[in-house]
file run_19.cif (mmCIF, C-alpha atoms and all ligand atoms)
data_run
loop_
_atom_site.label_atom_id
_atom_site.label_comp_id
_atom_site.auth_asym_id
_atom_site.auth_seq_id
_atom_site.Cartn_x
_atom_site.Cartn_y
_atom_site.Cartn_z
CA MET A 1 0.00 0.00 0.00
CA PRO A 2 1.41 3.45 -0.87
CA VAL A 3 2.35 5.69 2.06
CA ILE A 4 -0.44 8.23 2.48
CA THR A 5 0.44 11.32 4.46
CA CYS A 6 -2.06 13.90 3.25
CA ILE A 7 -5.29 14.36 1.27
CA GLU A 8 -3.25 15.28 -1.83
CA ASP A 9 -1.85 11.70 -1.86
CA LEU A 10 -5.39 10.32 -1.89
CA LYS A 11 -6.33 12.74 -4.63
CA ARG A 12 -3.53 11.44 -6.87
CA LEU A 13 -4.71 7.84 -6.41
CA HIS A 14 -8.34 8.89 -6.93
CA ARG A 15 -7.38 10.42 -10.25
CA ALA A 16 -5.47 7.33 -11.36
CA ARG A 17 -8.15 4.82 -10.34
CA THR A 18 -11.50 6.42 -11.18
CA PRO A 19 -12.91 7.03 -14.67
CA ARG A 20 -12.16 10.49 -15.85
CA MET A 21 -15.77 11.69 -16.03
CA PHE A 22 -16.30 10.96 -12.32
CA TYR A 23 -12.96 12.33 -11.14
CA ASP A 24 -13.65 15.49 -13.16
CA TYR A 25 -17.20 15.67 -11.76
CA ALA A 26 -15.71 15.84 -8.26
CA GLU A 27 -12.70 18.00 -9.00
CA SER A 28 -14.39 20.89 -10.70
CA GLY A 29 -16.25 24.10 -10.03
CA SER A 30 -18.68 26.07 -12.14
CA TYR A 31 -17.67 28.38 -15.02
CA THR A 32 -14.18 29.85 -14.47
CA GLU A 33 -13.74 27.93 -11.19
CA GLN A 34 -12.65 31.11 -9.41
CA THR A 35 -14.73 30.36 -6.31
CA PHE A 36 -13.62 26.72 -6.36
CA ARG A 37 -9.96 27.80 -6.37
CA GLU A 38 -10.36 30.55 -3.79
CA ASN A 39 -12.10 28.20 -1.36
CA THR A 40 -8.71 26.59 -0.83
CA THR A 41 -6.34 29.49 -1.45
CA ASP A 42 -8.18 31.67 1.09
CA PHE A 43 -7.56 29.03 3.74
CA ALA A 44 -3.88 29.19 2.86
CA ASP A 45 -3.91 32.96 3.48
CA ILE A 46 -4.85 32.43 7.13
CA ARG A 47 -1.83 31.81 9.32
CA LEU A 48 -1.52 30.11 12.68
CA ARG A 49 -0.26 31.57 15.97
CA GLN A 50 2.43 29.40 17.55
CA LYS A 51 2.34 29.03 21.33
CA VAL A 52 5.05 27.38 23.42
CA ALA A 53 5.49 26.07 26.96
CA VAL A 54 1.82 25.15 27.27
CA ASP A 55 0.92 21.73 28.70
CA MET A 56 -0.27 19.80 25.65
CA THR A 57 -1.26 16.52 27.29
CA ASN A 58 -4.80 15.11 27.29
CA ARG A 59 -5.89 16.84 24.14
CA THR A 60 -9.40 16.24 22.85
CA THR A 61 -11.01 16.86 19.50
CA GLU A 62 -14.40 15.64 20.71
CA SER A 63 -17.33 17.94 20.19
CA THR A 64 -20.96 17.89 19.08
CA MET A 65 -22.85 18.60 15.85
CA VAL A 66 -26.53 19.55 16.33
CA GLY A 67 -26.28 18.00 19.76
CA LEU A 68 -24.83 14.68 18.59
CA PRO A 69 -21.44 13.65 19.98
CA VAL A 70 -18.62 13.52 17.40
CA LYS A 71 -14.99 12.43 17.60
CA MET A 72 -14.08 15.63 15.78
CA PRO A 73 -16.29 18.40 14.38
CA VAL A 74 -15.97 17.20 10.78
CA GLY A 75 -18.84 15.54 8.91
CA LEU A 76 -18.91 13.80 5.51
CA ALA A 77 -20.89 16.22 3.35
CA PRO A 78 -23.62 15.06 0.95
CA VAL A 79 -22.02 14.27 -2.41
CA GLY A 80 -24.13 13.20 -5.37
CA MET A 81 -23.05 10.10 -7.32
CA THR A 82 -20.65 8.98 -4.60
CA GLY A 83 -21.42 5.43 -5.70
CA MET A 84 -19.85 6.20 -9.09
CA GLN A 85 -16.51 7.13 -7.51
CA HIS A 86 -16.32 3.59 -6.14
CA ALA A 87 -18.84 0.75 -6.20
CA ASP A 88 -21.29 1.08 -3.28
CA GLY A 89 -19.52 4.32 -2.35
CA GLU A 90 -22.22 5.73 -0.07
CA ILE A 91 -22.41 2.53 1.98
CA LEU A 92 -18.62 2.41 2.34
CA ALA A 93 -18.33 6.09 3.32
CA ALA A 94 -21.19 5.76 5.82
CA LYS A 95 -19.50 2.73 7.40
CA ALA A 96 -16.16 4.56 7.65
CA ALA A 97 -17.86 7.59 9.24
CA GLU A 98 -19.77 5.43 11.70
CA LYS A 99 -16.63 3.59 12.82
CA PHE A 100 -14.69 6.83 13.12
CA GLY A 101 -17.41 8.64 15.06
CA VAL A 102 -18.35 11.46 12.67
CA PRO A 103 -21.64 12.10 10.84
CA PHE A 104 -22.30 10.93 7.31
CA CYS A 105 -24.88 12.79 5.23
CA LEU A 106 -26.47 10.96 2.29
CA SER A 107 -27.30 13.03 -0.80
CA THR A 108 -30.70 12.93 -2.52
CA MET A 109 -28.66 12.30 -5.69
CA SER A 110 -26.84 9.27 -4.30
CA ILE A 111 -26.39 5.96 -6.07
CA CYS A 112 -27.07 3.82 -2.98
CA SER A 113 -30.54 4.53 -1.60
CA ILE A 114 -31.55 5.63 1.90
CA GLU A 115 -32.65 2.04 2.54
CA ASP A 116 -29.34 0.60 1.22
CA VAL A 117 -27.34 2.75 3.61
CA ALA A 118 -29.70 2.07 6.55
CA GLU A 119 -29.45 -1.69 5.99
CA ASN A 120 -25.66 -1.58 5.98
CA THR A 121 -25.04 0.68 8.98
CA THR A 122 -25.98 0.49 12.64
CA LYS A 123 -26.20 4.16 13.63
CA PRO A 124 -28.44 6.92 12.25
CA PHE A 125 -27.02 8.99 9.40
CA MET A 126 -28.20 12.36 8.09
CA PHE A 127 -30.13 12.86 4.87
CA GLN A 128 -29.74 15.79 2.47
CA LEU A 129 -32.83 16.89 0.61
CA TYR A 130 -33.18 18.71 -2.69
CA VAL A 131 -36.64 20.17 -3.13
CA MET A 132 -38.45 18.65 -6.10
CA LYS A 133 -41.58 19.93 -7.85
CA ASP A 134 -43.36 16.59 -7.40
CA GLN A 135 -45.02 16.96 -3.98
CA ASP A 136 -45.79 13.25 -3.59
CA PHE A 137 -42.19 12.37 -4.30
CA LEU A 138 -40.99 15.01 -1.83
CA ALA A 139 -43.32 13.78 0.92
CA ASN A 140 -42.29 10.21 0.22
CA MET A 141 -38.60 11.08 0.40
CA ILE A 142 -39.08 12.73 3.80
CA ALA A 143 -41.10 9.74 5.00
CA ARG A 144 -38.33 7.38 3.85
CA ALA A 145 -35.72 9.44 5.74
CA LYS A 146 -37.90 9.25 8.87
CA GLN A 147 -38.41 5.53 8.39
CA ALA A 148 -34.62 5.08 8.16
CA ASN A 149 -34.32 6.98 11.46
CA CYS A 150 -32.11 9.70 9.95
CA SER A 151 -30.66 11.93 12.67
CA ALA A 152 -31.10 15.24 10.82
CA LEU A 153 -32.41 16.61 7.55
CA VAL A 154 -29.92 18.76 5.67
CA LEU A 155 -31.90 20.99 3.33
CA THR A 156 -29.73 22.33 0.52
CA LEU A 157 -30.81 25.79 -0.59
CA ASP A 158 -28.17 26.74 -3.15
CA LEU A 159 -28.96 24.34 -5.99
CA GLN A 160 -32.41 24.71 -7.45
CA ILE A 161 -30.72 25.33 -10.78
CA LEU A 162 -27.40 23.78 -11.70
CA GLY A 163 -24.29 25.96 -12.00
CA GLN A 164 -22.67 24.93 -15.28
CA ARG A 165 -19.57 22.82 -14.95
CA HIS A 166 -17.88 22.70 -18.32
CA LYS A 167 -16.09 19.40 -17.82
CA ASP A 168 -19.31 17.48 -17.11
CA LEU A 169 -20.79 18.60 -20.42
CA LYS A 170 -17.61 17.82 -22.32
CA ASN A 171 -17.27 14.39 -20.68
CA GLY A 172 -20.96 13.49 -21.18
CA LEU A 173 -21.35 12.79 -17.45
CA SER A 174 -23.97 10.16 -16.72
CA ALA A 175 -24.71 7.34 -14.29
CA PRO A 176 -24.05 4.70 -15.41
CA PRO A 177 -21.60 6.02 -18.04
CA LYS A 178 -22.63 5.69 -21.67
CA LEU A 179 -20.19 3.38 -23.39
CA THR A 180 -18.81 5.60 -26.14
CA LEU A 181 -15.39 4.81 -27.59
CA PRO A 182 -13.47 7.41 -25.51
CA VAL A 183 -15.28 6.23 -22.35
CA MET A 184 -14.46 2.59 -23.10
CA MET A 185 -10.80 3.47 -23.68
CA ASP A 186 -10.74 5.32 -20.37
CA LEU A 187 -12.47 2.46 -18.52
CA ALA A 188 -9.93 -0.02 -19.89
CA THR A 189 -7.28 1.58 -17.70
CA ARG A 190 -9.54 1.62 -14.62
CA TRP A 191 -10.06 -2.16 -14.28
CA ARG A 192 -10.30 -2.04 -10.46
CA TRP A 193 -13.22 0.39 -10.70
CA GLY A 194 -14.86 -1.71 -13.42
CA LEU A 195 -14.63 -4.93 -11.40
CA GLY A 196 -16.23 -3.19 -8.44
CA MET A 197 -19.08 -1.92 -10.60
CA LEU A 198 -19.64 -5.37 -12.12
CA GLY A 199 -20.01 -6.69 -8.58
CA THR A 200 -22.80 -4.33 -7.52
CA LYS A 201 -26.35 -3.75 -8.70
CA ARG A 202 -26.27 -0.11 -7.56
CA ARG A 203 -25.42 1.90 -10.70
CA SER A 204 -28.14 4.50 -10.95
CA PHE A 205 -29.79 7.07 -8.69
CA GLY A 206 -31.09 4.82 -5.93
CA ASN A 207 -33.31 7.37 -4.19
CA ILE A 208 -35.07 8.33 -7.40
CA VAL A 209 -35.36 5.39 -9.76
CA GLY A 210 -38.49 3.41 -8.92
CA HIS A 211 -39.78 6.18 -6.61
CA ALA A 212 -40.41 9.18 -8.88
CA LYS A 213 -43.10 9.20 -11.57
CA GLY A 214 -42.53 10.39 -15.12
CA VAL A 215 -38.77 10.61 -14.81
CA GLY A 216 -37.22 11.54 -18.14
CA ASP A 217 -33.56 10.90 -18.85
CA MET A 218 -32.39 10.04 -15.36
CA SER A 219 -28.84 9.28 -16.40
CA SER A 220 -28.14 12.94 -17.17
CA LEU A 221 -27.84 14.91 -13.97
CA SER A 222 -28.17 18.28 -15.65
CA SER A 223 -31.32 17.53 -17.64
CA TRP A 224 -32.97 15.76 -14.70
CA THR A 225 -32.18 18.64 -12.34
CA SER A 226 -33.69 21.20 -14.68
CA GLU A 227 -36.83 19.06 -15.12
CA GLN A 228 -37.47 18.09 -11.52
CA PHE A 229 -35.93 20.58 -9.06
CA ASP A 230 -38.37 23.21 -7.84
CA PRO A 231 -37.24 26.70 -8.95
CA GLN A 232 -40.00 28.26 -6.82
CA LEU A 233 -38.37 27.19 -3.56
CA ASP A 234 -38.73 30.05 -1.07
CA TRP A 235 -38.80 30.45 2.72
CA ASP A 236 -42.51 29.50 2.88
CA LYS A 237 -41.72 26.20 1.23
CA VAL A 238 -38.76 25.74 3.56
CA ALA A 239 -41.18 26.20 6.49
CA LYS A 240 -43.48 23.52 5.09
CA ILE A 241 -40.60 21.09 4.78
CA ARG A 242 -39.46 21.90 8.32
CA ASP A 243 -42.95 21.05 9.59
CA MET A 244 -43.25 17.89 7.49
CA TRP A 245 -39.90 16.66 8.80
CA GLY A 246 -40.33 17.64 12.43
CA GLY A 247 -36.78 16.61 13.43
CA LYS A 248 -33.38 18.31 13.50
CA LEU A 249 -32.97 20.62 10.53
CA ILE A 250 -29.75 21.93 8.99
CA LEU A 251 -29.97 24.62 6.29
CA LYS A 252 -27.08 24.28 3.84
CA GLY A 253 -25.77 26.80 1.35
CA ILE A 254 -25.98 30.04 3.32
CA LEU A 255 -23.39 32.61 2.21
CA ASP A 256 -24.99 35.91 3.17
CA ALA A 257 -25.55 37.50 6.60
CA GLU A 258 -29.15 38.47 5.83
CA ASP A 259 -30.02 34.94 4.70
CA ALA A 260 -28.31 33.67 7.85
CA ARG A 261 -30.58 35.91 9.99
CA ILE A 262 -33.68 34.54 8.27
CA ALA A 263 -32.43 30.97 8.71
CA ALA A 264 -31.69 31.58 12.38
CA ASP A 265 -35.11 33.16 13.07
CA PHE A 266 -36.60 30.22 11.33
CA GLY A 267 -35.51 27.83 14.07
CA ALA A 268 -32.93 25.80 12.14
CA ASP A 269 -30.71 23.68 14.38
CA ALA A 270 -27.69 24.68 12.31
CA ILE A 271 -26.74 26.48 9.12
CA VAL A 272 -23.92 25.47 6.82
CA VAL A 273 -21.96 28.40 5.44
CA SER A 274 -21.24 26.97 2.02
CA ASN A 275 -20.91 27.80 -1.66
CA HIS A 276 -21.37 24.15 -2.59
CA GLY A 277 -17.64 23.68 -3.01
CA GLY A 278 -17.51 26.36 -5.72
CA ARG A 279 -19.90 24.38 -7.92
CA GLN A 280 -22.78 26.85 -8.05
CA LEU A 281 -22.34 30.66 -8.10
CA ASP A 282 -18.88 31.18 -9.56
CA GLY A 283 -17.64 34.59 -8.44
CA ALA A 284 -19.08 34.23 -4.92
CA LEU A 285 -16.53 34.71 -2.16
CA SER A 286 -15.10 31.68 -0.41
CA SER A 287 -17.01 30.30 2.58
CA ILE A 288 -14.13 30.99 4.93
CA ARG A 289 -14.02 34.65 3.89
CA MET A 290 -17.79 35.05 4.41
CA LEU A 291 -17.73 33.23 7.75
CA PRO A 292 -16.76 36.09 10.11
CA GLU A 293 -19.59 38.33 8.85
CA ILE A 294 -22.13 35.55 9.32
CA VAL A 295 -20.79 34.66 12.77
CA GLU A 296 -21.12 38.28 13.77
CA ALA A 297 -24.73 38.37 12.53
CA VAL A 298 -26.05 35.11 14.02
CA GLY A 299 -23.28 33.41 15.99
CA ASP A 300 -25.26 33.71 19.23
CA LYS A 301 -28.52 32.47 17.67
CA VAL A 302 -27.75 29.34 15.67
CA GLU A 303 -25.03 26.68 15.39
CA ILE A 304 -22.79 27.57 12.47
CA HIS A 305 -21.08 24.96 10.32
CA LEU A 306 -18.80 25.59 7.36
CA ASP A 307 -17.80 23.68 4.26
CA SER A 308 -16.03 24.39 0.95
CA GLY A 309 -12.28 24.20 0.65
CA ILE A 310 -11.30 22.07 3.64
CA ARG A 311 -8.42 19.80 2.69
CA SER A 312 -6.65 19.37 6.04
CA GLY A 313 -7.03 19.39 9.80
CA GLN A 314 -5.34 22.78 9.77
CA ASP A 315 -8.20 24.10 7.64
CA VAL A 316 -10.65 22.68 10.19
CA LEU A 317 -8.82 24.53 12.96
CA LYS A 318 -8.90 27.76 10.95
CA ALA A 319 -12.67 27.48 10.40
CA LEU A 320 -13.25 26.85 14.11
CA ALA A 321 -10.98 29.78 14.97
CA LEU A 322 -13.12 32.10 12.84
CA GLY A 323 -16.27 31.01 14.65
CA ALA A 324 -17.59 27.83 13.04
CA HIS A 325 -18.86 25.27 15.51
CA ALA A 326 -18.19 22.42 13.07
CA THR A 327 -17.15 21.66 9.50
CA TRP A 328 -17.98 19.34 6.62
CA ILE A 329 -15.73 17.83 3.96
CA GLY A 330 -16.73 16.87 0.42
CA ARG A 331 -13.82 16.25 -1.91
CA ALA A 332 -11.38 15.35 0.88
CA PHE A 333 -13.32 12.14 1.63
CA ILE A 334 -14.26 11.53 -2.01
CA HIS A 335 -10.54 11.42 -2.87
CA GLY A 336 -10.13 8.77 -0.17
CA LEU A 337 -13.09 6.78 -1.49
CA GLY A 338 -11.94 6.91 -5.12
CA ALA A 339 -8.44 5.94 -4.04
CA MET A 340 -9.15 3.01 -1.74
CA GLY A 341 -12.83 2.58 -0.95
CA GLU A 342 -13.80 2.42 2.73
CA ALA A 343 -10.15 2.24 3.83
CA GLY A 344 -9.49 5.43 1.88
CA VAL A 345 -12.32 7.31 3.60
CA THR A 346 -10.99 6.13 6.96
CA LYS A 347 -7.54 7.29 5.89
CA ALA A 348 -8.87 10.72 4.95
CA LEU A 349 -10.50 11.04 8.38
CA GLU A 350 -7.34 9.85 10.13
CA VAL A 351 -5.19 12.32 8.20
CA ILE A 352 -7.48 15.22 9.06
CA HIS A 353 -7.81 14.16 12.69
CA LYS A 354 -4.05 13.89 13.16
CA GLU A 355 -3.40 17.24 11.50
CA LEU A 356 -6.04 18.86 13.68
CA ASP A 357 -4.69 17.28 16.85
CA ILE A 358 -1.03 18.18 16.19
CA THR A 359 -1.88 21.69 15.07
CA MET A 360 -3.92 22.17 18.24
CA ALA A 361 -0.90 21.13 20.30
CA LEU A 362 1.41 23.54 18.49
CA CYS A 363 -1.12 26.34 18.93
CA GLY A 364 -1.31 25.59 22.65
CA GLU A 365 -4.87 24.23 22.58
CA ARG A 366 -5.93 21.10 24.44
CA ASP A 367 -9.66 21.18 23.77
CA VAL A 368 -11.08 21.68 20.30
CA LYS A 369 -13.92 23.68 21.85
CA ASN A 370 -11.49 26.35 23.05
CA ILE A 371 -10.12 27.11 19.58
CA GLY A 372 -10.76 30.76 18.81
CA ARG A 373 -9.72 33.89 16.99
CA HIS A 374 -6.57 34.04 19.16
CA ASP A 375 -5.19 30.97 17.31
CA VAL A 376 -4.98 32.60 13.88
CA LEU A 377 -3.47 35.60 12.15
CA LEU A 378 -5.43 37.15 9.33
CA PRO A 379 -4.07 39.32 6.54
CA GLN A 380 -5.30 42.93 6.69
CA GLY A 381 -8.85 43.20 5.39
CA PHE A 382 -9.35 39.43 5.09
CA SER A 383 -13.09 39.71 5.43
CA GLY A 384 -13.50 43.37 4.71
CA THR A 385 -11.82 43.95 1.37
CA TYR A 386 -15.12 43.60 -0.49
CA SER A 387 -18.29 45.53 0.23
C1 LIG B 401 -18.93 15.83 -6.58
C2 LIG B 401 -19.78 16.63 -5.63
C3 LIG B 401 -21.15 16.39 -5.57
C4 LIG B 401 -21.92 17.11 -4.66
N1 LIG B 401 -23.25 16.80 -4.53
C5 LIG B 401 -23.99 17.42 -3.58
C6 LIG B 401 -25.33 17.03 -3.34
O1 LIG B 401 -25.85 16.11 -3.95
N2 LIG B 401 -26.01 17.71 -2.39
C7 LIG B 401 -25.46 18.75 -1.68
O2 LIG B 401 -26.13 19.35 -0.84
N3 LIG B 401 -24.19 19.10 -1.87
C8 LIG B 401 -23.43 18.47 -2.78
N4 LIG B 401 -22.13 18.81 -2.95
C9 LIG B 401 -21.53 19.85 -2.12
C10 LIG B 401 -20.96 19.27 -0.85
O3 LIG B 401 -21.99 18.83 0.02
C11 LIG B 401 -20.13 20.30 -0.09
O4 LIG B 401 -20.87 21.47 0.07
C12 LIG B 401 -18.82 20.62 -0.84
O5 LIG B 401 -18.25 19.46 -1.40
C13 LIG B 401 -17.83 21.25 0.13
O6 LIG B 401 -16.68 21.63 -0.53
P1 LIG B 401 -15.32 20.75 -0.56
O7 LIG B 401 -15.55 19.67 -1.58
O8 LIG B 401 -14.30 21.73 -0.99
O9 LIG B 401 -15.11 20.17 0.82
C14 LIG B 401 -21.33 18.09 -3.85
C15 LIG B 401 -19.96 18.33 -3.93
C16 LIG B 401 -19.18 17.60 -4.80
C17 LIG B 401 -17.70 17.84 -4.85
#
call {"tool": "encode", "arguments": {"input": "run_19.cif", "output": "structure tokens", "more": "lines below"}}
Ligand SMILES: Cc1cc2nc3c(=O)[nH]c(=O)nc-3n(C[C@H](O)[C@H](O)[C@H](O)COP(=O)(O)O)c2cc1C
result
Amino acid sequence: MPVITCIEDLKRLHRARTPRMFYDYAESGSYTEQTFRENTTDFADIRLRQKVAVDMTNRTTESTMVGLPVKMPVGLAPVGMTGMQHADGEILAAKAAEKFGVPFCLSTMSICSIEDVAENTTKPFMFQLYVMKDQDFLANMIARAKQANCSALVLTLDLQILGQRHKDLKNGLSAPPKLTLPVMMDLATRWRWGLGMLGTKRRSFGNIVGHAKGVGDMSSLSSWTSEQFDPQLDWDKVAKIRDMWGGKLILKGILDAEDARIAADFGADAIVVSNHGGRQLDGALSSIRMLPEIVEAVGDKVEIHLDSGIRSGQDVLKALALGAHATWIGRAFIHGLGAMGEAGVTKALEVIHKELDITMALCGERDVKNIGRHDVLLPQGFSGTYS
């Protein structure tokens, strides 16, 4: 087994082992990819404050996310088509998260269904909902998440229309892939992936196929999204979904202080400051840059989570230092999954945990819950250069 020391190592293996259309689907942002790039480069601009001669024994990264105990405040974010990065990907990632002690959130657009994941895990996982026009389908999806005993509903608000990602169009992204000549040539060099896929029956959108009526071309994510996602989603509809669900609710995709105020007044258990990993509104500022403004607006009213751009435990520490209560990772665990299946997701979590723990020690922190603004140094105007 190759020596893996960081997420970048997993990313290299992911790229080598997974068909190009699925690697590209993960490793891309919309349009010019400015927001996608800045999500990570803005983290790099934040520096850490070294502290010495502080007792660093008995450190703990344990915390909570919406009241649930976690080994570290890092969840596996909902990622569509995870089961195309590796056969049965959602089941494997959920198992790795469960064993590690962090939350796993299943996407509406997953390959393995809610029931598949529930049958193969022992603890409740979270479910991410996209709001569809078909009310029966929506109600049924919420009922299925309840039936599976999901611990929270993560309602994604920033994707009622798909931000264009050039590579997906050029690659003809679909699940399962259409066997054109270039695709077959690509697959020929990814035999490990192919064997895995031959060994599973889960190769299409498990939450949708067989549950939604009048579904057109389901294999194409972009055409299906434009047909089925509800472009009229507004706060009234969010309220209806909150009432239908009745359990813990996380609102994902908040990037504006005013939206954060509405979400907080609304009684959400948490909000996720997110730009969808740079996949939606290209040109939006990075999540980490928007975080301080949102913390100032609603930090005392609602639990604030952050995603987009986290590739290390140091990034987790930086997000916590700027006021996030917890974080989520997308690509960082997908690279692990594409590289080595469940073992790769575990590796990604181990890498991030170790980086977080060691960085805490070097910053003079023993308890993850004490991490604060005093641990980081920000360049002048970090959050105030734009108005
Ligand atoms: C390939 C891919 C698919 C995604 N699919 C979904 C999805 O189905 N639902 C959702 O709410 N977010 C989705 N996201 C966004 C993630 O939940 C998360 O916000 C993002 O990955 C965080 O950025 P990071 O990848 O830089 O960690 C997806 C992200 C990626 C990379």
call {"tool": "atom_distance", "arguments": {"input": "run_19.cif", "atom1": "atom CA of His86 of chain A", "atom2": "atom CA of Asp116 of chain A"}}
result
15.3 Å
call {"tool": "residues_near_ligand", "arguments": {"input": "run_19.cif", "ligand": "ligand LIG 401 (chain B)", "cutoff": "9 Å", "atoms": "all atoms listed in the file", "output": "PyMOL selection string"}}
result
chain A and resi 22-29+36+39-40+76-82+105-110+128-130+154-159+252-253+272-279+306-311+328-334
call {"tool": "residues_around", "arguments": {"input": "run_19.cif", "residues": "segment 239-242 of chain A", "least_positions_apart": "3", "cutoff": "10 Å", "atoms": "only C-alpha atoms", "output": "PyMOL selection string"}}
result
chain A and resi 129+131+138-139+142+153+155+234-236+245-250+266-268
call {"tool": "axis_aligned_box", "arguments": {"input": "run_19.cif", "around": "segment 270-288 of chain A", "padding_each_side": "4 Å", "output": "JSON"}}
result
{"center_x": -20.9, "center_y": 29.2, "center_z": 1.4, "size_x": 21.6, "size_y": 19.0, "size_z": 29.9}
call {"tool": "closest_residue", "arguments": {"input": "run_19.cif", "among": "A:Ala339, A:Leu48, A:Lys301, A:Ala118", "to": "Ala321 of chain A", "atoms": "all atoms listed in the file"}}
result
A:Leu48
call {"tool": "closest_residue", "arguments": {"input": "run_19.cif", "among": "A:Leu162, A:Met244, A:Leu377, A:Val102", "to": "Met141 of chain A", "atoms": "only C-alpha atoms"}}
result
A:Met244
